[in-house]
>>> print(open('query-v3.txt').read())   # compact mmCIF, C-alpha atoms
# COMPACT_ATOMS: atom_id res chain seq x y z
CA MET J 19 -46.14 22.81 -4.28
CA ARG J 20 -43.23 20.66 -3.13
CA LYS J 21 -44.26 17.78 -0.98
CA ARG J 22 -42.43 17.11 2.21
CA ARG J 23 -42.72 13.76 3.92
CA THR J 24 -44.13 14.37 7.35
CA GLY J 25 -41.89 13.19 10.12
CA ARG J 26 -38.70 13.32 8.07
CA PRO J 27 -35.93 14.78 10.21
CA VAL J 28 -34.82 18.24 9.15
CA THR J 29 -31.18 17.49 8.51
CA ALA J 30 -28.35 19.63 7.24
CA VAL J 31 -29.06 18.24 3.80
CA THR J 32 -32.70 19.31 3.76
CA LEU J 33 -31.65 22.76 4.96
CA GLY J 34 -29.40 23.03 1.95
CA ARG J 35 -26.15 23.16 3.93
CA MET J 36 -23.28 20.90 2.98
CA SER J 37 -23.13 17.94 5.33
CA GLU J 38 -20.01 16.04 6.25
CA PHE J 39 -22.01 12.83 6.52
CA VAL J 40 -21.60 10.16 3.91
CA ARG J 41 -25.13 9.16 3.02
CA ASN J 42 -26.45 6.12 1.19
CA GLN J 43 -24.36 3.86 3.39
CA TRP J 44 -24.96 1.27 6.08
CA TYR J 45 -23.87 2.17 9.61
CA VAL J 46 -23.69 0.15 12.80
CA ALA J 47 -26.37 1.57 15.07
CA ALA J 48 -26.22 -0.86 17.97
CA TYR J 49 -25.35 -4.33 19.14
CA GLY J 50 -28.22 -6.75 18.69
CA ARG J 51 -28.25 -7.28 22.43
CA GLU J 52 -29.10 -3.60 22.98
CA ILE J 53 -32.40 -3.84 21.13
CA GLY J 54 -35.29 -5.57 22.84
CA ARG J 55 -38.82 -4.81 23.92
CA GLU J 56 -37.77 -1.51 25.47
CA LEU J 57 -37.78 1.54 23.20
CA PHE J 58 -34.20 2.46 22.34
CA SER J 59 -32.91 5.62 20.67
CA ARG J 60 -29.62 6.37 18.97
CA THR J 61 -28.64 9.26 16.73
CA VAL J 62 -26.88 8.25 13.52
CA CYS J 63 -25.60 10.86 11.07
CA GLY J 64 -27.68 13.49 12.82
CA GLU J 65 -30.90 11.47 12.57
CA SER J 66 -32.55 10.45 15.82
CA ILE J 67 -33.71 6.87 15.32
CA LEU J 68 -36.01 4.72 17.43
CA PHE J 69 -35.25 1.01 17.59
CA TRP J 70 -37.31 -1.80 19.03
CA ARG J 71 -37.88 -5.49 18.53
CA THR J 72 -41.19 -6.88 17.32
CA GLU J 73 -42.83 -9.80 19.09
CA ALA J 74 -41.43 -12.01 16.33
CA GLY J 75 -37.91 -10.75 17.10
CA ALA J 76 -37.28 -8.47 14.12
CA VAL J 77 -35.65 -5.07 14.64
CA ALA J 78 -37.78 -2.06 13.65
CA ALA J 79 -36.15 1.33 13.01
CA MET J 80 -38.00 4.63 12.58
CA SER J 81 -37.73 8.30 13.37
CA ASP J 82 -37.69 9.00 17.10
CA ARG J 83 -39.99 12.00 16.73
CA CYS J 84 -43.77 11.82 16.76
CA VAL J 85 -45.18 13.48 13.63
CA HIS J 86 -47.64 15.42 15.78
CA ARG J 87 -45.56 17.57 18.14
CA ARG J 88 -42.21 15.78 17.72
CA PHE J 89 -42.24 14.20 21.18
CA PRO J 90 -39.42 11.59 21.31
CA LEU J 91 -41.02 8.18 21.03
CA SER J 92 -38.19 6.69 23.08
CA GLN J 93 -39.17 8.92 25.98
CA ALA J 94 -41.44 7.55 28.72
CA PRO J 95 -44.37 7.34 28.96
CA SER J 96 -44.18 6.36 25.27
CA HIS J 97 -44.38 2.58 25.15
CA LEU J 98 -44.92 -0.54 23.08
CA VAL J 99 -48.27 -2.26 22.77
CA GLY J 100 -47.74 -5.47 20.85
CA ASP J 101 -46.10 -4.42 17.60
CA THR J 102 -47.09 -0.77 17.85
CA VAL J 103 -45.49 2.27 19.51
CA VAL J 104 -47.77 4.62 21.41
CA CYS J 105 -46.54 8.18 21.81
CA GLY J 106 -46.50 9.10 25.48
CA TYR J 107 -47.65 12.67 24.83
CA HIS J 108 -50.96 12.39 22.87
CA GLY J 109 -51.25 8.73 21.96
CA PHE J 110 -50.36 8.76 18.26
CA THR J 111 -49.74 5.08 17.51
CA TYR J 112 -47.40 3.65 14.87
CA ASP J 113 -46.82 0.20 13.44
CA GLN J 114 -43.42 -1.41 12.81
CA GLY J 115 -43.18 0.23 9.40
CA GLY J 116 -43.73 3.70 10.88
CA ALA J 117 -47.31 4.11 9.60
CA CYS J 118 -49.67 5.85 11.99
CA VAL J 119 -52.51 3.48 12.85
CA ALA J 120 -54.35 5.53 15.49
CA VAL J 121 -54.70 9.16 16.54
CA PRO J 122 -56.61 10.43 19.55
CA GLY J 123 -60.28 11.38 19.38
CA GLN J 124 -60.91 10.94 15.65
CA THR J 125 -61.20 8.14 13.15
CA ARG J 126 -59.51 9.90 10.22
CA ILE J 127 -55.75 9.43 10.23
CA PRO J 128 -53.99 12.19 8.29
CA ARG J 129 -52.42 10.86 5.11
CA THR J 130 -49.04 12.29 6.05
CA ALA J 131 -48.96 10.68 9.48
CA ARG J 132 -46.01 8.40 8.87
CA LEU J 133 -42.62 8.18 10.51
CA THR J 134 -39.55 7.90 8.36
CA SER J 135 -38.59 4.24 8.56
CA TYR J 136 -35.09 2.92 7.99
CA PRO J 137 -33.82 -0.25 6.33
CA VAL J 138 -32.24 -2.32 9.06
CA THR J 139 -30.25 -5.58 9.11
CA GLU J 140 -28.77 -7.71 11.86
CA LEU J 141 -25.40 -9.16 10.95
CA ASP J 142 -22.46 -10.43 12.99
CA GLY J 143 -24.02 -9.24 16.23
CA PHE J 144 -24.46 -5.69 14.95
CA VAL J 145 -27.65 -3.85 14.02
CA TRP J 146 -26.93 -2.01 10.79
CA VAL J 147 -29.10 0.89 9.66
CA PHE J 148 -29.13 2.45 6.20
CA ILE J 149 -28.82 6.23 6.11
CA GLY J 150 -29.93 7.67 2.79
CA GLU J 151 -32.48 6.85 0.15
CA PRO J 152 -34.02 3.51 1.17
CA ASP J 153 -34.15 2.36 -2.45
CA ASN J 154 -30.36 2.28 -2.45
CA ALA J 155 -30.07 0.00 0.58
CA GLU J 156 -30.31 -3.33 -1.14
CA LYS J 157 -27.58 -2.63 -3.68
CA THR J 158 -25.17 -1.25 -1.05
CA ARG J 159 -22.80 -3.80 0.43
CA ILE J 160 -22.65 -4.34 4.17
CA PRO J 161 -19.10 -5.22 5.19
CA ARG J 162 -18.73 -8.27 7.42
CA ALA J 163 -17.09 -9.10 10.73
CA PRO J 164 -18.03 -12.78 10.99
CA TRP J 165 -15.73 -13.65 13.93
CA LEU J 166 -18.01 -11.73 16.29
CA ASP J 167 -20.69 -14.37 15.94
CA MET J 168 -18.86 -17.50 14.85
CA PRO J 169 -18.17 -20.86 16.50
CA GLY J 170 -14.51 -21.20 17.48
CA TRP J 171 -14.20 -17.57 18.53
CA THR J 172 -14.90 -15.75 21.78
CA THR J 173 -15.72 -12.05 21.69
CA VAL J 174 -15.79 -9.17 24.14
CA SER J 175 -17.23 -5.84 23.03
CA GLY J 176 -18.49 -2.43 24.02
CA MET J 177 -19.19 1.07 22.80
CA GLU J 178 -17.77 4.36 24.00
CA PRO J 179 -19.23 7.75 23.13
CA LEU J 180 -16.66 9.97 21.44
CA ALA J 181 -17.04 13.75 21.51
CA ALA J 182 -15.01 14.05 18.33
CA ARG J 183 -15.71 13.80 14.63
CA HIS J 184 -15.59 10.56 12.65
CA SER J 185 -12.49 11.61 10.70
CA LEU J 186 -10.41 11.88 13.88
CA LEU J 187 -11.22 8.30 14.87
CA MET J 188 -10.52 7.15 11.32
CA ASP J 189 -7.09 8.86 11.33
CA ASN J 190 -6.38 7.28 14.71
CA LEU J 191 -7.21 3.73 13.66
CA LEU J 192 -5.51 3.86 10.27
CA ASP J 193 -2.18 4.84 11.81
CA LEU J 194 -1.32 2.40 14.57
CA SER J 195 2.10 3.96 15.20
CA HIS J 196 0.29 5.94 17.90
CA GLU J 197 0.08 2.72 19.94
CA THR J 198 3.74 3.19 20.88
CA TYR J 199 3.07 6.57 22.47
CA LEU J 200 -0.58 6.73 23.52
CA HIS J 201 -0.98 3.08 24.53
CA GLY J 202 2.46 2.22 25.94
CA GLY J 203 2.11 -0.42 28.65
CA TYR J 204 -1.05 -1.80 27.05
CA ILE J 205 -0.72 -2.57 23.33
CA GLY J 206 2.15 -0.30 22.33
CA THR J 207 5.81 -1.25 22.03
CA PRO J 208 8.66 0.60 20.24
CA GLU J 209 8.50 -1.74 17.24
CA VAL J 210 5.03 -0.57 16.17
CA ALA J 211 6.17 2.97 15.38
CA GLU J 212 9.49 1.73 13.94
CA THR J 213 8.17 -0.83 11.47
CA PRO J 214 7.40 0.28 7.89
CA ILE J 215 3.87 -0.22 6.58
CA VAL J 216 2.44 -1.39 3.28
CA THR J 217 -0.71 0.40 2.13
CA ARG J 218 -3.02 -0.99 -0.53
CA VAL J 219 -6.19 0.51 -1.91
CA ASP J 220 -8.77 -1.69 -3.59
CA GLU J 221 -10.78 0.81 -5.58
CA GLU J 222 -13.45 -1.63 -6.72
CA ALA J 223 -14.15 -3.10 -3.29
CA GLY J 224 -13.77 0.27 -1.59
CA VAL J 225 -11.30 -1.05 0.96
CA VAL J 226 -8.06 0.35 2.39
CA HIS J 227 -5.52 -2.18 3.65
CA VAL J 228 -2.58 -1.23 5.88
CA SER J 229 -0.14 -3.92 6.95
CA ARG J 230 2.64 -3.83 9.49
CA HIS J 231 4.53 -7.07 10.07
CA MET J 232 6.93 -7.07 12.99
CA ALA J 233 9.30 -10.04 12.86
CA ASP J 234 10.81 -9.68 16.32
CA ALA J 235 9.00 -7.42 18.76
CA ALA J 236 8.41 -7.04 22.47
CA CYS J 237 5.15 -8.60 23.61
CA PRO J 238 2.87 -5.93 25.10
CA PRO J 239 0.89 -6.79 28.27
CA PHE J 240 -2.35 -7.03 26.26
CA TYR J 241 -1.02 -10.09 24.43
CA GLN J 242 1.36 -11.34 27.11
CA LYS J 243 -1.42 -11.87 29.64
CA SER J 244 -4.00 -13.18 27.19
CA THR J 245 -1.77 -15.63 25.26
CA GLY J 246 0.74 -16.55 27.97
CA ILE J 247 3.69 -15.80 25.67
CA THR J 248 6.52 -14.38 27.75
CA GLY J 249 9.32 -13.85 25.22
CA ARG J 250 9.60 -11.82 22.07
CA ILE J 251 6.99 -12.22 19.38
CA THR J 252 6.26 -12.07 15.70
CA ARG J 253 3.41 -9.59 15.52
CA TRP J 254 1.35 -8.90 12.42
CA GLN J 255 -1.18 -6.13 12.11
CA ASP J 256 -3.30 -6.20 8.97
CA ILE J 257 -5.92 -3.47 8.79
CA GLU J 258 -8.90 -3.71 6.47
CA PHE J 259 -11.04 -0.57 6.50
CA THR J 260 -14.26 -0.32 4.52
CA PRO J 261 -15.29 3.33 4.70
CA PRO J 262 -17.24 4.81 6.18
CA CYS J 263 -18.00 2.45 9.06
CA LEU J 264 -16.26 -0.89 9.48
CA TYR J 265 -12.63 -1.32 10.53
CA LEU J 266 -11.00 -4.71 11.01
CA LEU J 267 -7.57 -5.30 12.49
CA HIS J 268 -6.44 -8.86 11.82
CA SER J 269 -3.83 -9.40 14.51
CA ARG J 270 -1.51 -12.41 14.59
CA ILE J 271 0.75 -13.10 17.54
CA ALA J 272 3.28 -15.96 17.80
CA PRO J 273 6.62 -16.62 19.47
CA ALA J 274 9.34 -14.81 17.49
CA GLY J 275 10.15 -16.64 14.27
CA VAL J 276 7.07 -18.87 14.31
CA LEU J 277 5.24 -18.48 11.01
CA PRO J 278 2.12 -20.05 9.49
CA ASN J 279 2.60 -23.31 7.61
CA ALA J 280 3.01 -23.27 3.84
CA ASP J 281 -0.53 -24.59 3.44
CA GLY J 282 -1.93 -21.59 5.33
CA THR J 283 -2.68 -23.42 8.56
CA ASP J 284 -1.39 -21.67 11.63
CA PRO J 285 -1.65 -23.91 14.69
CA ASP J 286 1.00 -22.02 16.65
CA GLY J 287 -0.34 -18.53 16.04
CA PHE J 288 -2.77 -16.64 18.24
CA HIS J 289 -5.36 -14.73 16.23
CA VAL J 290 -7.25 -11.70 17.42
CA GLU J 291 -9.78 -9.85 15.30
CA VAL J 292 -10.14 -6.31 16.59
CA VAL J 293 -13.25 -4.75 15.12
CA TYR J 294 -14.35 -1.14 15.26
CA ALA J 295 -17.49 0.45 13.88
CA LEU J 296 -17.13 4.19 13.41
CA THR J 297 -20.63 5.62 13.35
CA PRO J 298 -21.11 9.39 13.20
CA GLU J 299 -23.60 10.62 15.77
CA THR J 300 -23.37 14.29 14.85
CA GLU J 301 -20.79 16.14 12.78
CA THR J 302 -18.60 16.40 15.88
CA SER J 303 -19.38 13.21 17.80
CA THR J 304 -19.07 9.51 17.04
CA HIS J 305 -20.22 6.16 18.38
CA ASP J 306 -17.02 4.18 18.91
CA PHE J 307 -18.05 0.51 18.82
CA TRP J 308 -15.23 -1.90 19.63
CA ALA J 309 -14.95 -5.67 19.77
CA VAL J 310 -12.11 -8.13 20.34
CA ALA J 311 -12.58 -11.70 19.06
CA ARG J 312 -9.99 -14.42 19.76
CA ASP J 313 -9.44 -18.01 18.68
CA PHE J 314 -7.71 -19.15 21.88
CA ALA J 315 -8.61 -19.58 25.55
CA LEU J 316 -12.19 -19.67 24.35
CA GLU J 317 -13.73 -20.71 27.66
CA ASP J 318 -11.39 -18.72 29.91
CA GLN J 319 -13.50 -16.04 31.57
CA GLY J 320 -10.37 -14.53 33.12
CA VAL J 321 -8.96 -13.86 29.64
CA SER J 322 -12.31 -12.43 28.51
CA ASP J 323 -12.46 -10.12 31.51
CA PHE J 324 -8.86 -9.02 31.01
CA LEU J 325 -9.28 -8.29 27.28
CA ALA J 326 -12.56 -6.45 27.84
CA GLU J 327 -11.15 -4.27 30.59
CA ASN J 328 -7.82 -3.70 28.83
CA ASN J 329 -9.29 -2.89 25.44
CA ARG J 330 -11.82 -0.53 26.99
CA THR J 331 -8.94 1.24 28.72
CA VAL J 332 -7.15 1.57 25.38
CA VAL J 333 -10.29 2.89 23.69
CA LEU J 334 -10.75 5.41 26.48
CA GLN J 335 -7.15 6.58 26.03
CA ASP J 336 -8.05 7.30 22.41
CA VAL J 337 -11.33 8.93 23.44
CA THR J 338 -9.54 11.28 25.83
CA ALA J 339 -6.99 12.27 23.19
CA LEU J 340 -9.51 12.70 20.39
CA ASN J 341 -11.92 14.70 22.54
CA VAL J 342 -9.08 17.14 23.22
CA LEU J 343 -8.25 17.23 19.52
CA GLU J 344 -11.88 18.00 18.63
CA GLN J 345 -11.78 20.99 20.97
CA VAL J 346 -8.55 22.16 19.39
CA ILE J 347 -10.10 21.97 15.93
CA ALA J 348 -13.29 23.70 17.08
CA THR J 349 -11.41 26.72 18.38
CA GLU J 350 -8.59 27.10 15.85
CA PRO J 351 -8.64 29.62 13.03
CA ASP J 352 -9.26 28.30 9.52
CA GLY J 353 -6.35 27.29 7.36
CA TYR J 354 -4.27 25.12 9.68
CA GLN J 355 -1.77 23.26 7.55
CA GLU J 356 -1.23 19.65 8.63
CA LEU J 357 1.96 17.75 8.02
CA SER J 358 1.83 14.16 6.82
CA ILE J 359 4.67 11.64 6.88
CA ASN J 360 5.07 7.98 5.90
CA ILE J 361 2.99 6.66 8.81
CA ASP J 362 0.01 8.60 7.41
CA THR J 363 -0.08 6.85 4.05
CA GLY J 364 -3.03 4.65 5.03
CA GLY J 365 -4.94 7.45 6.73
CA LEU J 366 -4.60 9.63 3.64
CA ALA J 367 -5.95 6.81 1.50
CA ALA J 368 -8.97 6.47 3.80
CA ARG J 369 -9.61 10.22 3.74
CA ARG J 370 -9.58 10.17 -0.05
CA MET J 371 -11.97 7.24 -0.15
CA MET J 372 -14.33 9.07 2.22
CA ALA J 373 -14.19 12.17 0.02
CA LYS J 374 -15.06 10.01 -2.97
CA LEU J 375 -18.13 8.63 -1.18
CA ARG J 376 -19.51 12.10 -0.37
CA MET B 8 -10.26 -14.01 -13.91
CA THR B 9 -8.97 -10.44 -14.02
CA ALA B 10 -6.73 -9.05 -11.31
CA ARG B 11 -8.23 -6.49 -8.95
CA LYS B 12 -7.28 -2.87 -9.51
CA MET B 13 -4.99 -2.22 -6.59
CA LEU B 14 -2.89 0.79 -5.74
CA GLN B 15 0.01 -0.01 -3.46
CA VAL B 16 2.47 2.07 -1.48
CA ASP B 17 5.38 0.34 0.25
CA TRP B 18 7.44 2.11 2.83
CA VAL B 19 10.83 0.84 1.71
CA PRO B 20 12.40 -0.94 4.71
CA GLY B 21 15.52 0.72 6.02
CA SER B 22 14.76 4.01 4.30
CA ASP B 23 12.40 6.97 4.45
CA GLN B 24 11.23 6.36 0.91
CA LEU B 25 7.86 5.27 -0.36
CA ARG B 26 7.50 3.16 -3.47
CA GLY B 27 4.15 3.49 -5.22
CA ARG B 28 2.72 1.12 -7.79
CA CYS B 29 -0.38 1.84 -9.84
CA HIS B 30 -2.68 -0.91 -11.08
CA CYS B 31 -1.42 -0.12 -14.59
CA GLY B 32 2.10 -1.14 -13.57
CA ALA B 33 3.59 2.37 -13.36
CA GLU B 34 5.90 2.87 -10.39
CA THR B 35 7.51 5.80 -8.65
CA ILE B 36 9.54 6.65 -5.57
CA ALA B 37 8.72 9.54 -3.23
CA GLU B 38 9.29 10.73 0.30
CA ASP B 39 5.94 12.39 0.81
CA PRO B 40 2.68 10.41 1.06
CA VAL B 41 0.57 13.36 -0.11
CA ALA B 42 2.59 13.66 -3.30
CA MET B 43 2.56 9.88 -3.67
CA TRP B 44 -1.24 9.70 -3.67
CA GLN B 45 -1.41 12.60 -6.12
CA TRP B 46 0.87 10.69 -8.45
CA LEU B 47 -1.07 7.44 -8.13
CA LEU B 48 -4.45 9.09 -8.58
CA ALA B 49 -3.31 10.87 -11.71
CA HIS B 50 -3.71 7.55 -13.56
CA PRO B 51 -3.51 7.24 -16.53
CA ASN B 52 -1.61 10.53 -16.67
CA HIS B 53 1.28 9.69 -14.37
CA GLN B 54 3.91 12.37 -14.71
CA ASP B 55 7.23 10.76 -15.59
CA HIS B 56 9.08 13.86 -14.54
CA SER B 57 6.80 15.17 -11.80
CA PRO B 58 8.44 16.52 -8.65
CA VAL B 59 7.58 13.30 -6.83
CA ARG B 60 9.52 11.13 -9.22
CA GLU B 61 13.04 10.38 -8.15
CA GLU B 62 15.49 7.77 -9.26
CA ALA B 63 15.40 4.70 -7.09
CA ALA B 64 18.63 4.25 -5.20
>>> encode(input="query-v3.txt", output="structure tokens")
Amino acid sequence: MRKRRTGRPVTAVTLGRMSEFVRNQWYVAAYGREIGRELFSRTVCGESILFWRTEAGAVAAMSDRCVHRRFPLSQAPSHLVGDTVVCGYHGFTYDQGGACVAVPGQTRIPRTARLTSYPVTELDGFVWVFIGEPDNAEKTRIPRAPWLDMPGWTTVSGMEPLAARHSLLMDNLLDLSHETYLHGGYIGTPEVAETPIVTRVDEEAGVVHVSRHMADAACPPFYQKSTGITGRITRWQDIEFTPPCLYLLHSRIAPAGVLPNADGTDPDGFHVEVVYALTPETETSTHDFWAVARDFALEDQGVSDFLAENNRTVVLQDVTALNVLEQVIATEPDGYQELSINIDTGGLAARRMMAKLR
Amino acid sequence: MTARKMLQVDWVPGSDQLRGRCHCGAETIAEDPVAMWQWLLAHPNHQDHSPVREEAA
């Protein structure tokens, strides 16, 4: 007889259907600040996961379904007692590794009473969770975004729920020419769509790079108000995407013609690290984590408030557009033939890398 | 130290053309990113006379 681990979520994979999720990868599940002594639930790649912090401060991650009658453990009156979770329905109690340590009314705990637990790591302000075979977690690289938690940088961040599939957000972020049209008046200027890109694929590292260097561009309000530059600018956008989850946009802004020194120092440049984590919730919805880290005006709360509000507005413009696009895809007949042009070179590279990971 | 295996596609400034370079040093010019990636990913069997290959201006 085939054994089935009790408490393991019945996913598309276990049902034998092809899943779009890329498994055996680390995904951002939350910001560290979201996880505390309250039970917290988030669905990642179709798996409903319970997160909480032990009394020693470590993050625990396990299935958010009691093995007994699948009551969500994040749902009140489920609660923490020390370093155990007590199901609010019948009192099944689990330790931080997901093992059942108490059941109601009897001393014998069924051997199969164990929640699926997940490898979890806190890095750069994110809580990363490994989706796949736990034995593969250690040998799978977690990409870094060190600026989010580094002296000399100030960060604002948030997360918006996206009712659209991961691939739509990936397409969006890999082709920034859409800034000119969708985000005009915020981060878009004509030069973004007009400037040719360079796309590089590092097969060994599993990274797609897309660079767009604008020598003489209008300064969009996002950078005008945060840096104080009023004239034209040299604007560099260097994307570094590590599929499936972490996207970095290294953004450099300086008065037009001002370049870094030959030794690499760049005292006259303003640097912004725009970080996204693209975490599939379901096959048609995504957690859109965003963060903006800067190396200037570090103590200026006004700049922080402006960048947080402005970037959230930009993200919501994408969310609105991509939610519409998801509906279009959901209702269209099979066989729609897309058209790709030069601006899509990076997005196509990312799609191929995703396909390779599946 | 060995160089990393990079594939690179440059959108040639002032034109609609893409120039692709494989990590093996092979290069081609194309106007379609789909065809360009097909050519690059065919390594080591890059087609010298595939439809995507055109003479550089």
>>> interface_residues(input="query-v3.txt", of="chain B", to="chain J", cutoff="8 Å", atoms="all atoms listed in the file", output="list in words")
Arg11, Lys12, Met13, Leu14, Gln15, Val16, Asp17, Trp18, Val19, Pro20, Asp23, Leu25, Glu38, Asp39, Pro40, Val41 and Trp44 of chain B
>>> atom_distance(input="query-v3.txt", atom1="atom CA of J:Ser195", atom2="atom CA of J:Ala211")
4.2 Å
>>> axis_aligned_box(input="query-v3.txt", around="stretch 321-326 of chain J", padding_each_side="4 Å", output="lines of an AutoDock Vina configuration file")
center_x = -10.7
center_y = -10.2
center_z = 29.4
size_x = 11.7
size_y = 15.4
size_z = 12.2
>>> residues_near_point(input="query-v3.txt", point="(-9.1, 11.3, 16.6)", cutoff="10 Å", atoms="only C-alpha atoms", output="list in words")
Leu180, Ala181, Ala182, Arg183, His184, Ser185, Leu186, Leu187, Met188, Asp189, Asn190, Leu191, Asp336, Val337, Thr338, Ala339, Leu340, Asn341, Val342, Leu343 and Glu344 of chain J
>>> atom_distance(input="query-v3.txt", atom1="atom CA of J:Thr172", atom2="atom CA of J:Ala368")
29.2 Å
>>> atom_distance(input="query-v3.txt", atom1="atom CA of B:His50", atom2="atom CA of J:Lys374")
15.7 Å
>>> residues_around(input="query-v3.txt", residues="stretch 93-107 of chain J", least_positions_apart="5", cutoff="12 Å", atoms="only C-alpha atoms", output="PDB file with C-alpha atoms, keeping the file's coordinate frame")
ATOM      1  CA  GLY J  54     -35.290  -5.570  22.840  1.00  0.00           C
ATOM      2  CA  ARG J  55     -38.820  -4.810  23.920  1.00  0.00           C
ATOM      3  CA  GLU J  56     -37.770  -1.510  25.470  1.00  0.00           C
ATOM      4  CA  LEU J  57     -37.780   1.540  23.200  1.00  0.00           C
ATOM      5  CA  PHE J  58     -34.200   2.460  22.340  1.00  0.00           C
ATOM      6  CA  SER J  59     -32.910   5.620  20.670  1.00  0.00           C
ATOM      7  CA  LEU J  68     -36.010   4.720  17.430  1.00  0.00           C
ATOM      8  CA  PHE J  69     -35.250   1.010  17.590  1.00  0.00           C
ATOM      9  CA  TRP J  70     -37.310  -1.800  19.030  1.00  0.00           C
ATOM     10  CA  ARG J  71     -37.880  -5.490  18.530  1.00  0.00           C
ATOM     11  CA  THR J  72     -41.190  -6.880  17.320  1.00  0.00           C
ATOM     12  CA  GLU J  73     -42.830  -9.800  19.090  1.00  0.00           C
ATOM     13  CA  ALA J  74     -41.430 -12.010  16.330  1.00  0.00           C
ATOM     14  CA  GLY J  75     -37.910 -10.750  17.100  1.00  0.00           C
ATOM     15  CA  ALA J  76     -37.280  -8.470  14.120  1.00  0.00           C
ATOM     16  CA  VAL J  77     -35.650  -5.070  14.640  1.00  0.00           C
ATOM     17  CA  ALA J  78     -37.780  -2.060  13.650  1.00  0.00           C
ATOM     18  CA  ALA J  79     -36.150   1.330  13.010  1.00  0.00           C
ATOM     19  CA  MET J  80     -38.000   4.630  12.580  1.00  0.00           C
ATOM     20  CA  SER J  81     -37.730   8.300  13.370  1.00  0.00           C
ATOM     21  CA  ASP J  82     -37.690   9.000  17.100  1.00  0.00           C
ATOM     22  CA  ARG J  83     -39.990  12.000  16.730  1.00  0.00           C
ATOM     23  CA  CYS J  84     -43.770  11.820  16.760  1.00  0.00           C
ATOM     24  CA  VAL J  85     -45.180  13.480  13.630  1.00  0.00           C
ATOM     25  CA  HIS J  86     -47.640  15.420  15.780  1.00  0.00           C
ATOM     26  CA  ARG J  87     -45.560  17.570  18.140  1.00  0.00           C
ATOM     27  CA  ARG J  88     -42.210  15.780  17.720  1.00  0.00           C
ATOM     28  CA  TYR J 112     -47.400   3.650  14.870  1.00  0.00           C
ATOM     29  CA  ASP J 113     -46.820   0.200  13.440  1.00  0.00           C
ATOM     30  CA  GLN J 114     -43.420  -1.410  12.810  1.00  0.00           C
ATOM     31  CA  GLY J 115     -43.180   0.230   9.400  1.00  0.00           C
ATOM     32  CA  GLY J 116     -43.730   3.700  10.880  1.00  0.00           C
ATOM     33  CA  ALA J 117     -47.310   4.110   9.600  1.00  0.00           C
ATOM     34  CA  CYS J 118     -49.670   5.850  11.990  1.00  0.00           C
ATOM     35  CA  VAL J 119     -52.510   3.480  12.850  1.00  0.00           C
ATOM     36  CA  ALA J 120     -54.350   5.530  15.490  1.00  0.00           C
ATOM     37  CA  VAL J 121     -54.700   9.160  16.540  1.00  0.00           C
ATOM     38  CA  PRO J 122     -56.610  10.430  19.550  1.00  0.00           C
ATOM     39  CA  LEU J 133     -42.620   8.180  10.510  1.00  0.00           C
TER      40      LEU J 133
END
>>> residues_around(input="query-v3.txt", residues="J:Ala47", least_positions_apart="6", cutoff="12 Å", atoms="all atoms listed in the file", output="ChimeraX atom specification")
/J:53,58-63,65-69,77,79,136-141,143-149,177,263-264,295-299,304-307
>>> residues_around(input="query-v3.txt", residues="B:His53", least_positions_apart="5", cutoff="8 Å", atoms="all atoms listed in the file", output="JSON, numbers by chain")
{"B": [33, 46, 47]}
>>> closest_residue(input="query-v3.txt", among="J:Pro90, J:Gly64, J:Gly203, J:Pro128", to="J:Asn328", atoms="only C-alpha atoms")
J:Gly203
>>> closest_residue(input="query-v3.txt", among="J:Arg253, J:Arg132, J:Arg162, J:Lys243", to="J:Thr111", atoms="only C-alpha atoms")
J:Arg132
>>> residues_around(input="query-v3.txt", residues="J:Val292", least_positions_apart="2", cutoff="7 Å", atoms="only C-alpha atoms", output="short mmCIF file (atom, residue, chain, number, x, y, z; two decimals) with C-alpha atoms, in the frame of the given file")
data_model
loop_
_atom_site.label_atom_id
_atom_site.label_comp_id
_atom_site.auth_asym_id
_atom_site.auth_seq_id
_atom_site.Cartn_x
_atom_site.Cartn_y
_atom_site.Cartn_z
CA LEU J 266 -11.00 -4.71 11.01
CA LEU J 267 -7.57 -5.30 12.49
CA HIS J 268 -6.44 -8.86 11.82
CA VAL J 290 -7.25 -11.70 17.42
CA TYR J 294 -14.35 -1.14 15.26
CA ALA J 309 -14.95 -5.67 19.77
CA VAL J 310 -12.11 -8.13 20.34
CA ALA J 311 -12.58 -11.70 19.06
#
>>> residues_near_point(input="query-v3.txt", point="(12.6, -13.4, 21.2)", cutoff="8 Å", atoms="all atoms listed in the file", output="list in words")
Asp234, Ala235, Ala236, Gly249, Arg250, Ile251, Pro273 and Ala274 of chain J
>>> build_atoms(input="query-v3.txt", residues="stretch 370-374 of chain J", atoms="N, CA and C atoms", output="mmCIF file, keeping the file's coordinate frame")
data_model
loop_
_atom_site.group_PDB
_atom_site.id
_atom_site.type_symbol
_atom_site.label_atom_id
_atom_site.label_comp_id
_atom_site.auth_asym_id
_atom_site.auth_seq_id
_atom_site.Cartn_x
_atom_site.Cartn_y
_atom_site.Cartn_z
ATOM 1 N N ARG J 370 -9.220 9.990 1.358
ATOM 2 C CA ARG J 370 -9.580 10.170 -0.050
ATOM 3 C C ARG J 370 -10.802 9.329 -0.396
ATOM 4 N N MET J 371 -10.839 8.107 0.146
ATOM 5 C CA MET J 371 -11.970 7.240 -0.150
ATOM 6 C C MET J 371 -13.268 7.823 0.427
ATOM 7 N N MET J 372 -13.161 8.412 1.607
ATOM 8 C CA MET J 372 -14.330 9.070 2.220
ATOM 9 C C MET J 372 -14.795 10.232 1.346
ATOM 10 N N ALA J 373 -13.839 11.011 0.859
ATOM 11 C CA ALA J 373 -14.190 12.170 0.020
ATOM 12 C C ALA J 373 -14.900 11.702 -1.242
ATOM 13 N N LYS J 374 -14.457 10.564 -1.762
ATOM 14 C CA LYS J 374 -15.060 10.010 -2.970
ATOM 15 C C LYS J 374 -16.505 9.565 -2.723
#
